[in-house]
file input.txt (compact mmCIF, C-alpha atoms)
# COMPACT_ATOMS: atom_id res chain seq x y z
CA MET A 740 -11.23 -25.75 -29.50
CA THR A 741 -12.82 -28.97 -30.72
CA ASP A 742 -15.63 -30.75 -29.00
CA PHE A 743 -13.21 -33.45 -27.86
CA GLU A 744 -10.89 -30.89 -26.29
CA GLN A 745 -13.84 -29.28 -24.55
CA ARG A 746 -14.87 -32.63 -23.11
CA LEU A 747 -11.34 -33.25 -21.93
CA ARG A 748 -11.30 -29.86 -20.26
CA GLU A 749 -14.59 -30.60 -18.51
CA ALA A 750 -13.40 -34.01 -17.42
CA MET A 751 -10.31 -32.51 -15.83
CA ALA A 752 -12.28 -29.74 -14.18
CA ALA A 753 -14.72 -32.29 -12.79
CA ALA A 754 -11.84 -34.23 -11.26
CA ALA A 755 -10.93 -31.28 -9.03
CA GLY A 756 -11.18 -31.92 -5.34
CA PRO A 757 -10.09 -30.51 -2.01
CA ALA A 758 -6.47 -30.34 -0.86
CA PRO A 759 -5.23 -33.31 1.15
CA ILE A 760 -5.65 -33.09 4.89
CA GLY A 761 -2.51 -32.37 6.90
CA LEU A 762 -0.55 -31.06 3.95
CA LEU A 763 1.20 -28.30 5.89
CA ALA A 764 2.20 -30.70 8.64
CA GLY A 765 3.53 -33.08 6.02
CA ILE A 766 5.58 -30.32 4.39
CA ARG A 767 7.06 -29.35 7.77
CA ARG A 768 7.88 -32.97 8.60
CA ARG A 769 9.56 -33.35 5.26
CA HIS A 770 11.50 -30.16 5.75
CA ARG A 771 12.73 -31.32 9.18
CA ARG A 772 13.92 -34.57 7.63
CA HIS A 773 15.73 -32.59 4.94
CA VAL A 774 17.47 -30.41 7.55
CA LEU A 775 18.47 -33.47 9.57
CA ARG A 776 19.89 -35.13 6.47
CA LEU A 777 21.90 -32.03 5.69
CA ALA A 778 23.23 -31.86 9.24
CA ALA A 779 24.23 -35.52 9.12
CA ALA A 780 25.96 -35.05 5.78
CA GLY A 781 27.80 -31.99 7.11
CA THR A 782 29.00 -33.87 10.16
CA THR A 783 30.20 -36.75 8.03
CA MET A 784 32.01 -34.36 5.70
CA ALA A 785 33.64 -32.53 8.60
CA THR A 786 34.82 -35.81 10.07
CA CYS A 787 36.24 -36.96 6.75
CA VAL A 788 38.10 -33.72 6.21
CA ALA A 789 39.39 -33.61 9.75
CA VAL A 790 40.94 -37.01 9.06
CA ALA A 791 42.01 -36.18 5.51
CA ILE A 792 43.94 -33.01 6.25
CA PRO A 793 46.61 -34.48 8.50
CA LEU A 794 46.86 -37.48 6.19
CA ALA A 795 47.30 -35.22 3.19
CA VAL A 796 49.99 -33.19 4.86
CA HIS A 797 51.63 -36.47 5.77
CA GLY A 798 51.33 -37.35 2.12
CA LEU A 799 53.60 -34.44 1.28
CA GLY A 800 56.41 -36.19 2.98
CA ALA A 801 55.98 -39.50 1.34
CA GLY A 802 59.52 -38.91 0.19
CA HIS A 803 58.96 -37.48 -3.26
CA GLY A 804 58.09 -33.82 -3.38
CA THR A 805 58.52 -33.45 -7.11
CA PRO A 806 56.78 -30.39 -8.51
CA ARG A 807 54.20 -32.54 -10.24
CA GLU A 808 53.22 -34.36 -7.08
CA VAL A 809 53.23 -31.17 -5.12
CA ALA A 810 50.83 -29.62 -7.59
CA THR A 811 48.24 -32.24 -6.74
CA LEU A 812 48.35 -31.45 -3.05
CA PRO A 813 45.22 -29.37 -2.61
CA ALA A 814 43.08 -31.68 -4.67
CA VAL A 815 42.63 -34.02 -1.72
CA PRO A 816 42.14 -31.84 1.31
CA GLY A 817 41.43 -28.53 -0.40
CA PRO A 818 38.76 -26.26 0.89
CA VAL A 819 35.81 -28.53 0.42
CA GLY A 820 34.79 -29.49 3.89
CA GLY A 821 34.57 -28.30 7.44
CA VAL A 822 37.41 -27.89 9.88
CA GLN A 823 37.85 -25.75 12.95
CA PRO A 824 37.30 -22.07 12.22
CA ILE A 825 40.39 -20.00 12.68
CA PRO A 826 40.25 -17.99 15.89
CA SER A 827 40.52 -14.27 15.44
CA ALA A 828 43.66 -12.37 16.38
CA GLY A 829 42.25 -8.91 15.86
CA PRO A 830 40.40 -7.10 13.14
CA HIS A 831 40.59 -8.95 9.82
CA THR A 832 43.29 -11.23 11.23
CA ALA A 833 42.94 -14.95 11.83
CA LEU A 834 45.03 -16.69 14.45
CA ARG A 835 46.92 -19.91 13.90
CA ASP A 836 48.68 -21.27 16.94
CA CYS A 837 50.18 -24.42 18.37
CA MET A 838 46.75 -25.69 19.39
CA ASN A 839 45.38 -25.82 15.88
CA SER A 840 48.51 -26.91 14.10
CA ASN A 841 47.62 -29.66 11.67
CA GLY A 842 51.00 -30.22 10.14
CA GLY A 843 52.32 -33.57 8.98
CA GLN A 844 55.47 -35.20 7.74
CA MET A 845 57.56 -33.33 5.15
CA SER A 846 59.69 -34.79 2.41
CA SER A 847 63.39 -34.21 2.83
CA ASN A 848 63.63 -31.74 -0.05
CA TRP A 849 60.65 -29.59 0.77
CA LYS A 850 62.82 -26.53 1.34
CA SER A 851 63.96 -26.40 -2.25
CA GLN A 852 60.35 -25.96 -3.37
CA SER A 853 59.23 -23.60 -0.66
CA VAL A 854 59.47 -19.89 -0.08
CA GLN A 855 60.95 -18.52 3.12
CA ALA A 856 60.36 -15.13 4.69
CA GLY A 857 62.00 -14.80 8.09
CA PRO A 858 60.67 -17.52 10.36
CA VAL A 859 57.85 -18.39 7.95
CA TRP A 860 57.89 -21.06 5.27
CA PHE A 861 55.28 -21.22 2.53
CA MET A 862 55.64 -24.85 1.66
CA PHE A 863 55.68 -25.92 -1.96
CA ALA A 864 54.63 -22.42 -2.97
CA ARG A 865 57.73 -21.52 -4.95
CA PRO A 866 56.69 -20.09 -8.30
CA PRO A 867 56.05 -21.57 -10.76
CA ALA A 868 55.87 -24.95 -9.15
CA SER A 869 52.23 -24.95 -8.24
CA GLY A 870 50.25 -24.16 -11.32
CA ALA A 871 47.77 -26.93 -10.64
CA HIS A 872 46.92 -25.86 -7.08
CA LYS A 873 43.49 -24.77 -7.92
CA LEU A 874 39.86 -25.26 -7.26
CA HIS A 875 37.83 -22.91 -9.39
CA SER A 876 34.79 -21.37 -7.84
CA GLY A 877 33.22 -18.86 -10.13
CA LYS A 878 35.48 -15.94 -10.66
CA VAL A 879 37.20 -16.63 -7.38
CA ILE A 880 39.93 -19.24 -7.22
CA ALA A 881 40.08 -21.18 -3.98
CA SER A 882 43.22 -23.06 -3.13
CA ALA A 883 45.35 -24.06 -0.18
CA LEU A 884 48.95 -24.35 0.90
CA ALA A 885 50.93 -25.44 3.92
CA ILE A 886 52.43 -22.63 5.98
CA ALA A 887 55.00 -23.18 8.72
CA VAL A 888 56.58 -20.94 11.30
CA ARG A 889 59.62 -21.65 13.35
CA ASN A 890 58.78 -22.75 16.88
CA GLY A 891 58.96 -19.94 19.39
CA HIS A 892 58.32 -17.30 16.73
CA THR A 893 55.31 -15.23 15.82
CA ALA A 894 54.68 -13.75 12.39
CA ILE A 895 51.94 -11.87 10.62
CA VAL A 896 51.26 -12.57 6.97
CA THR A 897 49.23 -10.20 4.81
CA ALA A 898 48.70 -9.84 1.11
CA ALA A 899 50.84 -7.04 -0.33
CA PRO A 900 48.90 -3.78 -0.88
CA SER A 901 48.80 -4.39 -4.62
CA ALA A 902 46.85 -7.63 -4.02
CA ALA A 903 45.05 -6.67 -0.84
CA GLY A 904 41.58 -6.35 -2.33
CA ARG A 905 41.89 -9.53 -4.29
CA PHE A 906 43.27 -12.05 -1.83
CA ARG A 907 41.99 -13.48 1.47
CA PHE A 908 42.91 -16.31 3.76
CA VAL A 909 39.80 -18.43 4.22
CA ALA A 910 38.43 -18.28 7.74
CA HIS A 911 37.24 -21.86 7.55
CA PHE A 912 36.65 -24.51 4.95
CA ASN A 913 33.09 -24.59 3.71
CA ASP A 914 30.74 -27.50 3.34
CA SER A 915 30.94 -29.06 -0.06
CA ASN A 916 29.47 -27.12 -2.98
CA GLN A 917 29.54 -23.89 -1.05
CA PRO A 918 31.38 -21.32 -3.13
CA TYR A 919 34.07 -19.24 -1.52
CA THR A 920 33.97 -15.50 -1.59
CA LEU A 921 36.50 -12.84 -0.78
CA ALA A 922 34.10 -11.37 1.76
CA GLU A 923 34.30 -14.30 4.14
CA GLY A 924 38.09 -14.44 4.37
CA SER A 925 40.66 -12.70 6.56
CA ARG A 926 43.13 -10.18 5.28
CA ALA A 927 45.92 -11.37 7.55
CA LEU A 928 47.12 -14.43 9.38
CA LYS A 929 48.84 -14.34 12.73
CA LEU A 930 51.05 -17.39 13.01
CA VAL A 931 52.15 -18.31 16.52
CA GLY A 932 54.62 -21.18 16.60
CA CYS A 933 54.70 -23.78 19.32
CA PRO A 934 57.13 -23.09 22.18
CA ALA A 935 60.72 -23.49 21.05
CA THR A 936 61.24 -26.61 23.14
CA THR A 937 58.21 -28.37 21.72
CA ILE A 938 58.28 -30.61 18.73
CA ALA A 939 55.08 -30.07 16.79
CA PRO A 940 53.03 -33.22 16.47
CA GLY A 941 53.71 -35.39 13.47
CA ILE A 942 56.89 -33.64 12.33
CA PRO A 943 59.94 -35.89 12.26
CA VAL A 944 62.94 -34.01 13.54
CA GLY A 945 64.97 -34.87 10.47
CA ASP A 946 62.51 -33.40 7.98
CA ALA A 947 61.10 -30.20 9.36
CA PRO A 948 62.63 -29.75 12.79
CA GLY A 949 61.29 -26.99 14.96
CA LEU A 950 58.41 -25.96 12.73
CA THR A 951 54.73 -25.58 13.43
CA ILE A 952 52.69 -26.23 10.32
CA TRP A 953 49.15 -25.40 9.24
CA TRP A 954 47.12 -26.20 6.23
CA GLN A 955 45.70 -22.90 5.05
CA GLY A 956 43.13 -22.12 2.40
CA PHE A 957 42.95 -18.89 0.47
CA VAL A 958 40.74 -17.26 -2.13
CA THR A 959 41.85 -14.88 -4.80
CA THR A 960 40.64 -13.28 -7.96
CA LEU A 961 44.22 -12.89 -9.13
CA ARG A 962 45.34 -15.02 -12.02
CA GLY A 963 49.02 -14.93 -11.24
CA CYS A 964 51.50 -14.97 -8.42
CA VAL A 965 50.49 -13.47 -5.11
CA PRO A 966 52.83 -11.09 -3.33
CA VAL A 967 52.58 -11.36 0.45
CA ASP A 968 54.22 -9.43 3.24
CA VAL A 969 55.59 -11.14 6.30
CA ARG A 970 56.35 -9.27 9.48
CA GLU A 971 57.65 -10.58 12.77
CA PRO A 972 56.18 -8.38 15.51
CA PRO A 973 57.14 -6.25 17.30
CA SER A 974 59.48 -5.46 14.42
CA THR A 975 57.96 -3.34 11.66
CA LYS A 976 60.31 -4.71 9.04
CA VAL A 977 58.38 -6.34 6.23
CA THR A 978 59.69 -9.09 3.98
CA ARG A 979 57.85 -9.45 0.70
CA VAL A 980 57.76 -12.79 -1.07
CA THR A 981 55.86 -14.16 -4.03
CA LEU A 982 53.73 -17.25 -3.78
CA ALA A 983 52.57 -19.46 -6.56
CA ALA A 984 48.83 -19.08 -6.86
CA PRO A 985 46.88 -20.81 -9.61
CA GLY A 986 48.01 -19.41 -12.93
CA CYS A 987 51.34 -18.16 -11.60
CA ARG A 988 54.06 -18.80 -14.14
CA SER A 989 56.69 -16.17 -13.37
CA MET B 967 12.40 -11.08 5.47
CA SER B 968 12.05 -12.63 8.92
CA ARG B 969 11.38 -16.33 9.23
CA VAL B 970 8.05 -15.79 10.97
CA VAL B 971 6.70 -13.52 8.25
CA SER B 972 8.12 -15.88 5.67
CA ASP B 973 6.37 -18.85 7.33
CA GLU B 974 3.08 -17.02 7.43
CA SER B 975 3.21 -16.05 3.79
CA PHE B 976 4.20 -19.59 2.88
CA GLU B 977 1.23 -21.03 4.77
CA GLU B 978 -1.09 -18.57 3.07
CA PHE B 979 0.31 -19.61 -0.26
CA VAL B 980 -0.18 -23.31 0.49
CA VAL B 981 -3.74 -22.79 1.66
CA ALA B 982 -4.57 -20.75 -1.42
CA SER B 983 -2.95 -22.98 -4.00
CA SER B 984 -3.00 -26.53 -2.65
CA ALA B 985 -6.43 -27.64 -3.86
CA ARG B 986 -5.70 -26.74 -7.45
CA LEU B 987 -2.14 -28.04 -7.40
CA PHE B 988 -3.25 -31.27 -5.78
CA THR B 989 -5.65 -31.87 -8.66
CA THR B 990 -2.82 -31.09 -11.08
CA ALA B 991 -0.65 -33.61 -9.25
CA ARG B 992 -3.38 -36.24 -9.39
CA LEU B 993 -3.85 -35.68 -13.11
CA LEU B 994 -0.10 -35.85 -13.65
CA THR B 995 0.20 -39.10 -11.73
CA GLY B 996 -2.72 -40.70 -13.48
CA GLY B 997 -4.94 -40.60 -10.43
CA ASN B 998 -2.56 -42.10 -7.90
CA ARG B 999 -3.58 -40.16 -4.82
CA ALA B 1000 -0.72 -41.25 -2.57
CA GLU B 1001 1.85 -40.47 -5.21
CA ALA B 1002 0.21 -37.13 -5.96
CA GLU B 1003 0.28 -36.19 -2.28
CA ASP B 1004 3.91 -37.19 -2.04
CA LEU B 1005 4.82 -35.18 -5.13
CA LEU B 1006 2.93 -32.15 -3.87
CA GLN B 1007 4.57 -32.28 -0.44
CA GLY B 1008 7.98 -32.58 -2.07
CA ALA B 1009 7.34 -29.66 -4.40
CA TYR B 1010 6.07 -27.44 -1.59
CA GLU B 1011 8.98 -28.42 0.63
CA ARG B 1012 11.40 -27.42 -2.10
CA ALA B 1013 9.60 -24.11 -2.41
CA TYR B 1014 9.76 -23.64 1.36
CA ARG B 1015 13.54 -24.06 1.32
CA HIS B 1016 13.88 -21.18 -1.12
CA TRP B 1017 10.78 -19.30 -0.05
CA ALA B 1018 12.53 -15.99 0.65
CA ARG B 1019 13.62 -15.90 -2.97
CA ILE B 1020 10.55 -17.48 -4.54
CA CYS B 1021 7.93 -15.31 -2.84
CA ARG B 1022 9.57 -12.21 -4.27
CA ARG B 1023 8.70 -13.54 -7.70
CA SER B 1024 5.20 -12.90 -8.88
CA GLU B 1025 4.39 -16.57 -9.52
CA PRO B 1026 5.40 -18.93 -6.72
CA GLU B 1027 2.68 -21.28 -7.95
CA ARG B 1028 4.54 -21.63 -11.18
CA TYR B 1029 7.64 -22.79 -9.29
CA VAL B 1030 5.68 -25.50 -7.47
CA ARG B 1031 3.88 -26.57 -10.64
CA GLN B 1032 7.18 -26.87 -12.47
CA ALA B 1033 8.60 -28.94 -9.62
CA LEU B 1034 5.51 -31.16 -9.79
CA VAL B 1035 5.84 -31.76 -13.51
CA ASN B 1036 9.56 -32.50 -13.28
CA ALA B 1037 9.08 -34.81 -10.32
CA SER B 1038 6.26 -36.69 -12.04
CA VAL B 1039 8.39 -37.25 -15.14
CA ASP B 1040 11.36 -38.37 -13.00
CA ARG B 1041 9.14 -40.72 -11.05
CA TRP B 1042 7.74 -42.19 -14.23
CA ARG B 1043 11.28 -42.85 -15.47
CA ARG B 1044 12.15 -44.59 -12.23
CA SER B 1045 8.93 -46.57 -12.27
CA ARG B 1046 9.77 -47.89 -15.72
CA ARG B 1047 12.79 -49.57 -14.16
CA ARG B 1048 10.80 -50.75 -11.13
CA PRO B 1049 7.18 -50.88 -12.18
CA GLU B 1050 4.54 -50.32 -9.53
CA VAL B 1051 0.83 -50.73 -9.91
CA PRO B 1052 -1.32 -48.29 -7.95
CA LEU B 1053 -3.97 -50.01 -5.88
CA VAL B 1054 -6.52 -47.30 -6.39
CA THR B 1055 -7.11 -44.84 -9.18
CA ASP B 1056 -8.42 -41.76 -7.51
CA LEU B 1057 -9.69 -39.74 -10.42
CA VAL B 1058 -13.44 -39.49 -10.16
CA ALA B 1059 -15.13 -37.76 -13.01
CA GLY B 1060 -17.43 -35.65 -10.86
CA THR B 1061 -20.97 -36.28 -9.77
CA GLY B 1062 -24.42 -34.96 -10.56
CA ASP B 1063 -24.18 -35.53 -14.29
CA CYS B 1064 -25.92 -38.07 -16.44
CA ALA B 1065 -24.37 -41.51 -16.72
CA ASP B 1066 -23.08 -41.06 -20.27
CA THR B 1067 -21.17 -37.94 -19.38
CA LEU B 1068 -19.68 -39.54 -16.29
CA GLU B 1069 -18.65 -42.56 -18.27
CA ASP B 1070 -17.05 -40.43 -20.97
CA ARG B 1071 -15.14 -38.39 -18.43
CA ASP B 1072 -13.99 -41.53 -16.71
CA LEU B 1073 -12.74 -42.90 -20.02
CA LEU B 1074 -10.96 -39.65 -20.80
CA LEU B 1075 -9.21 -39.56 -17.44
CA ARG B 1076 -8.19 -43.20 -17.75
CA GLY B 1077 -6.89 -42.49 -21.23
CA LEU B 1078 -4.97 -39.52 -19.89
CA ALA B 1079 -3.40 -41.72 -17.22
CA GLY B 1080 -2.17 -44.04 -19.96
CA LEU B 1081 -0.25 -41.34 -21.83
CA PRO B 1082 3.50 -40.84 -21.54
CA PRO B 1083 4.21 -38.28 -18.81
CA ARG B 1084 5.37 -35.43 -21.06
CA GLN B 1085 2.27 -35.66 -23.21
CA ARG B 1086 0.14 -35.96 -20.11
CA ALA B 1087 1.86 -32.92 -18.59
CA VAL B 1088 1.27 -30.86 -21.72
CA LEU B 1089 -2.42 -31.76 -21.78
CA VAL B 1090 -2.89 -31.10 -18.07
CA LEU B 1091 -1.17 -27.73 -18.29
CA ARG B 1092 -3.13 -26.86 -21.39
CA TYR B 1093 -6.63 -27.97 -20.45
CA PHE B 1094 -6.63 -27.94 -16.67
CA GLU B 1095 -4.24 -25.10 -15.87
CA ASP B 1096 -5.34 -23.14 -18.94
CA LEU B 1097 -1.80 -22.18 -19.89
CA SER B 1098 -0.90 -21.02 -23.36
CA GLU B 1099 1.53 -23.01 -25.48
CA ILE B 1100 4.19 -20.39 -24.82
CA GLN B 1101 3.70 -20.66 -21.07
CA ILE B 1102 3.80 -24.45 -21.21
CA ALA B 1103 7.01 -24.33 -23.21
CA ALA B 1104 8.53 -22.06 -20.58
CA GLU B 1105 7.44 -24.34 -17.74
CA LEU B 1106 8.63 -27.52 -19.39
CA GLY B 1107 11.82 -25.97 -20.71
CA CYS B 1108 11.14 -26.90 -24.31
CA THR B 1109 10.15 -25.17 -27.51
CA VAL B 1110 6.63 -24.18 -28.50
CA GLY B 1111 6.93 -26.60 -31.42
CA THR B 1112 7.57 -29.45 -29.02
CA VAL B 1113 4.56 -28.45 -26.94
CA LYS B 1114 2.39 -28.44 -30.06
CA SER B 1115 3.60 -31.83 -31.24
CA GLN B 1116 3.28 -33.40 -27.76
CA ALA B 1117 -0.23 -32.00 -27.42
CA ALA B 1118 -1.23 -33.26 -30.87
CA ARG B 1119 0.14 -36.74 -30.21
CA GLY B 1120 -1.40 -36.85 -26.76
CA LEU B 1121 -4.80 -35.80 -28.04
CA SER B 1122 -4.60 -38.26 -30.91
CA LYS B 1123 -3.78 -41.17 -28.59
CA LEU B 1124 -6.45 -40.07 -26.18
CA ARG B 1125 -9.03 -39.87 -28.93
CA THR B 1126 -8.09 -43.33 -30.21
CA ALA B 1127 -8.31 -44.76 -26.71
CA PHE B 1128 -11.63 -43.03 -26.18
CA ASP B 1129 -13.13 -44.17 -29.47
CA THR B 1130 -12.06 -47.77 -29.14
CA ALA B 1131 -12.87 -48.17 -25.46
CA GLU B 1132 -15.49 -50.75 -24.63
CA ARG B 1133 -18.43 -49.20 -22.91
CA PRO B 1134 -20.75 -51.25 -20.75
CA ASP B 1135 -24.11 -51.60 -22.38
CA VAL B 1136 -26.18 -49.55 -19.96
CA GLY B 1137 -29.41 -50.15 -21.82
CA ALA B 1138 -28.90 -53.92 -21.88
CA SER B 1139 -28.17 -54.10 -18.17
CA GLU B 1140 -31.22 -51.99 -17.46
CA GLY B 1141 -33.24 -54.31 -19.62
CA ASN B 1142 -31.83 -57.33 -17.78
CA GLY B 1143 -32.73 -55.74 -14.52
CA ALA B 1144 -36.27 -55.11 -15.68
CA ARG B 1145 -36.78 -58.62 -16.66

call {"tool": "encode", "arguments": {"input": "input.txt", "output": "structure tokens"}}
result
Amino acid sequence: MTDFEQRLREAMAAAAGPAPIGLLAGIRRRHRRHVLRLAAAGTTMATCVAVAIPLAVHGLGAGHGTPREVATLPAVPGPVGGVQPIPSAGPHTALRDCMNSNGGQMSSNWKSQSVQAGPVWFMFARPPASGAHKLHSGKVIASALAIAVRNGHTAIVTAAPSAAGRFRFVAHFNDSNQPYTLAEGSRALKLVGCPATTIAPGIPVGDAPGLTIWWQGFVTTLRGCVPVDVREPPSTKVTRVTLAAPGCRS
Amino acid sequence: MSRVVSDESFEEFVVASSARLFTTARLLTGGNRAEAEDLLQGAYERAYRHWARICRRSEPERYVRQALVNASVDRWRRSRRRPEVPLVTDLVAGTGDCADTLEDRDLLLRGLAGLPPRQRAVLVLRYFEDLSEIQIAAELGCTVGTVKSQAARGLSKLRTAFDTAERPDVGASEGNGAR
């Protein structure tokens, strides 16, 4: 070390002084501000998404429904913000009922691009129409689709055993930038349609009469189509259908 | 780890490390005390957010120091767009030494404050924090070669500034006073 470096070292050492007074209090104040900012941002995001979801489902029925437009569906309201958590309907089963229906207007040809299993419709999920329905999140793909059940009917949807460990319905949409994991999802969905005499809000009779619709997120590590089983309790009869998940081309 | 235990260990860490890190912050900011305090609070607050993870590492101080360096460089970039002039330069070159030494130290610290922030950071980490070139490279996220070149340029500029600085003629003023 040269003499000059030594002098520099001594000058710096001589500049040392005590810590500022009230540092800990300042850190805590700053941390509280940070938490408040986060809370405010979360509330804003939740509000935006709560508004965006019905609008997006409405957007489905803007009268087009071509596969290309359908493929862009989850990009707007996909699982990026907060909405009401899905109430539980038993172990590993999330409940969707008339109260939390968030369906919107359908285009007139939605049926041709959807998959039906008994009283349940998986809207715009007909393989291979939905290859672009994806939001990547690490190894897990998060996406969303609209699911409808005929009013007055109840159905339980589960991933087929072959996909059971690799597919979950998301319990709730996360705040932005929060990755989705399989652990936080539900294995099954219990869909309870509105009473048969009720017309679900926002559904024109001519487009999707008698259906209760939800916007539902899911996470999967599959890179293909997802087989799901639909059962209408108390019947034990299971109908298996295939949904287009990101990467599904069959 | 429970929050209470975590809070306690964080407070202990702040008490133990704040004096040294505050001096580092002041050197990094060229002696701007308010800015140094702000940087230090911000760096500690960041550490507090991730404390459960950070305290498991052996060197939480390194995390805060890295945050300080990055924040000081970011702030310098912002200040180039909106220049601010600090009202007070806080770096005092110690007391109890002879006038020449104090004056030299003062010149060195002023010269340090005039360096670009990366060069200043390298010199502070090298000569105040006593880190090796390898450690500095790891903290700054650059190569050892870059650390060496930044240190050499910084020292060269500092030496030039030091050699060409005008020093008040102490002897003359003493003579004037005697007259």

call {"tool": "residues_around", "arguments": {"input": "input.txt", "residues": "Leu930 in chain A", "least_positions_apart": "2", "cutoff": "8 Å", "atoms": "only C-alpha atoms", "output": "PyMOL selection string"}}
result
chain A and resi 834-836+888+893-896+928+932

call {"tool": "closest_residue", "arguments": {"input": "input.txt", "among": "A:Ser974, A:Thr832, A:Thr981, A:Thr960", "to": "Thr920 in chain A", "atoms": "only C-alpha atoms"}}
result
A:Thr960

call {"tool": "atom_distance", "arguments": {"input": "input.txt", "atom1": "CA of Arg1041 in chain B", "atom2": "CA of Ser984 in chain B"}}
result
20.5 Å

call {"tool": "closest_residue", "arguments": {"input": "input.txt", "among": "B:Arg999, B:Arg1019, B:Arg1086, B:Arg1071", "to": "chain A", "atoms": "all atoms listed in the file"}}
result
B:Arg1071

call {"tool": "interface_residues", "arguments": {"input": "input.txt", "of": "chain A", "to": "chain B", "cutoff": "10 Å", "atoms": "all atoms listed in the file", "output": "PDB file with C-alpha atoms, in the coordinates of the input"}}
result
ATOM      1  CA  PHE A 743     -13.210 -33.450 -27.860  1.00  0.00           C
ATOM      2  CA  GLU A 744     -10.890 -30.890 -26.290  1.00  0.00           C
ATOM      3  CA  GLN A 745     -13.840 -29.280 -24.550  1.00  0.00           C
ATOM      4  CA  ARG A 746     -14.870 -32.630 -23.110  1.00  0.00           C
ATOM      5  CA  LEU A 747     -11.340 -33.250 -21.930  1.00  0.00           C
ATOM      6  CA  ARG A 748     -11.300 -29.860 -20.260  1.00  0.00           C
ATOM      7  CA  GLU A 749     -14.590 -30.600 -18.510  1.00  0.00           C
ATOM      8  CA  ALA A 750     -13.400 -34.010 -17.420  1.00  0.00           C
ATOM      9  CA  MET A 751     -10.310 -32.510 -15.830  1.00  0.00           C
ATOM     10  CA  ALA A 752     -12.280 -29.740 -14.180  1.00  0.00           C
ATOM     11  CA  ALA A 753     -14.720 -32.290 -12.790  1.00  0.00           C
ATOM     12  CA  ALA A 754     -11.840 -34.230 -11.260  1.00  0.00           C
ATOM     13  CA  ALA A 755     -10.930 -31.280  -9.030  1.00  0.00           C
ATOM     14  CA  GLY A 756     -11.180 -31.920  -5.340  1.00  0.00           C
ATOM     15  CA  PRO A 757     -10.090 -30.510  -2.010  1.00  0.00           C
ATOM     16  CA  ALA A 758      -6.470 -30.340  -0.860  1.00  0.00           C
ATOM     17  CA  PRO A 759      -5.230 -33.310   1.150  1.00  0.00           C
ATOM     18  CA  ILE A 760      -5.650 -33.090   4.890  1.00  0.00           C
ATOM     19  CA  LEU A 762      -0.550 -31.060   3.950  1.00  0.00           C
ATOM     20  CA  LEU A 763       1.200 -28.300   5.890  1.00  0.00           C
ATOM     21  CA  ALA A 764       2.200 -30.700   8.640  1.00  0.00           C
ATOM     22  CA  GLY A 765       3.530 -33.080   6.020  1.00  0.00           C
ATOM     23  CA  ILE A 766       5.580 -30.320   4.390  1.00  0.00           C
ATOM     24  CA  ARG A 767       7.060 -29.350   7.770  1.00  0.00           C
ATOM     25  CA  ARG A 768       7.880 -32.970   8.600  1.00  0.00           C
ATOM     26  CA  ARG A 769       9.560 -33.350   5.260  1.00  0.00           C
ATOM     27  CA  HIS A 770      11.500 -30.160   5.750  1.00  0.00           C
ATOM     28  CA  ARG A 771      12.730 -31.320   9.180  1.00  0.00           C
ATOM     29  CA  HIS A 773      15.730 -32.590   4.940  1.00  0.00           C
ATOM     30  CA  VAL A 774      17.470 -30.410   7.550  1.00  0.00           C
TER      31      VAL A 774
END

call {"tool": "atom_distance", "arguments": {"input": "input.txt", "atom1": "CA of Pro948 in chain A", "atom2": "CA of Ala885 in chain A"}}
result
15.3 Å

call {"tool": "atom_distance", "arguments": {"input": "input.txt", "atom1": "CA of Trp860 in chain A", "atom2": "CA of Ile886 in chain A"}}
result
5.7 Å

call {"tool": "axis_aligned_box", "arguments": {"input": "input.txt", "around": "range 751-756 of chain A", "padding_each_side": "6 Å", "output": "JSON"}}
result
{"center_x": -12.5, "center_y": -32.0, "center_z": -10.6, "size_x": 16.4, "size_y": 16.5, "size_z": 22.5}

call {"tool": "closest_residue", "arguments": {"input": "input.txt", "among": "B:Arg1044, B:Lys1123, B:His1016, B:Arg1031", "to": "Arg1076 in chain B", "atoms": "all atoms listed in the file"}}
result
B:Lys1123

call {"tool": "closest_residue", "arguments": {"input": "input.txt", "among": "A:Ala902, A:Asn890, A:His831, A:Val980", "to": "Arg926 in chain A", "atoms": "all atoms listed in the file"}}
result
A:His831

call {"tool": "residues_around", "arguments": {"input": "input.txt", "residues": "Val1113 in chain B", "least_positions_apart": "5", "cutoff": "10 Å", "atoms": "all atoms listed in the file", "output": "PDB file with C-alpha atoms, in the coordinates of the input"}}
result
ATOM      1  CA  ARG B1084       5.370 -35.430 -21.060  1.00  0.00           C
ATOM      2  CA  GLN B1085       2.270 -35.660 -23.210  1.00  0.00           C
ATOM      3  CA  ALA B1087       1.860 -32.920 -18.590  1.00  0.00           C
ATOM      4  CA  VAL B1088       1.270 -30.860 -21.720  1.00  0.00           C
ATOM      5  CA  LEU B1089      -2.420 -31.760 -21.780  1.00  0.00           C
ATOM      6  CA  ARG B1092      -3.130 -26.860 -21.390  1.00  0.00           C
ATOM      7  CA  SER B1098      -0.900 -21.020 -23.360  1.00  0.00           C
ATOM      8  CA  GLU B1099       1.530 -23.010 -25.480  1.00  0.00           C
ATOM      9  CA  ILE B1100       4.190 -20.390 -24.820  1.00  0.00           C
ATOM     10  CA  GLN B1101       3.700 -20.660 -21.070  1.00  0.00           C
ATOM     11  CA  ILE B1102       3.800 -24.450 -21.210  1.00  0.00           C
ATOM     12  CA  ALA B1103       7.010 -24.330 -23.210  1.00  0.00           C
ATOM     13  CA  ALA B1104       8.530 -22.060 -20.580  1.00  0.00           C
ATOM     14  CA  LEU B1106       8.630 -27.520 -19.390  1.00  0.00           C
ATOM     15  CA  GLY B1107      11.820 -25.970 -20.710  1.00  0.00           C
ATOM     16  CA  CYS B1108      11.140 -26.900 -24.310  1.00  0.00           C
ATOM     17  CA  ALA B1118      -1.230 -33.260 -30.870  1.00  0.00           C
ATOM     18  CA  ARG B1119       0.140 -36.740 -30.210  1.00  0.00           C
TER      19      ARG B1119
END
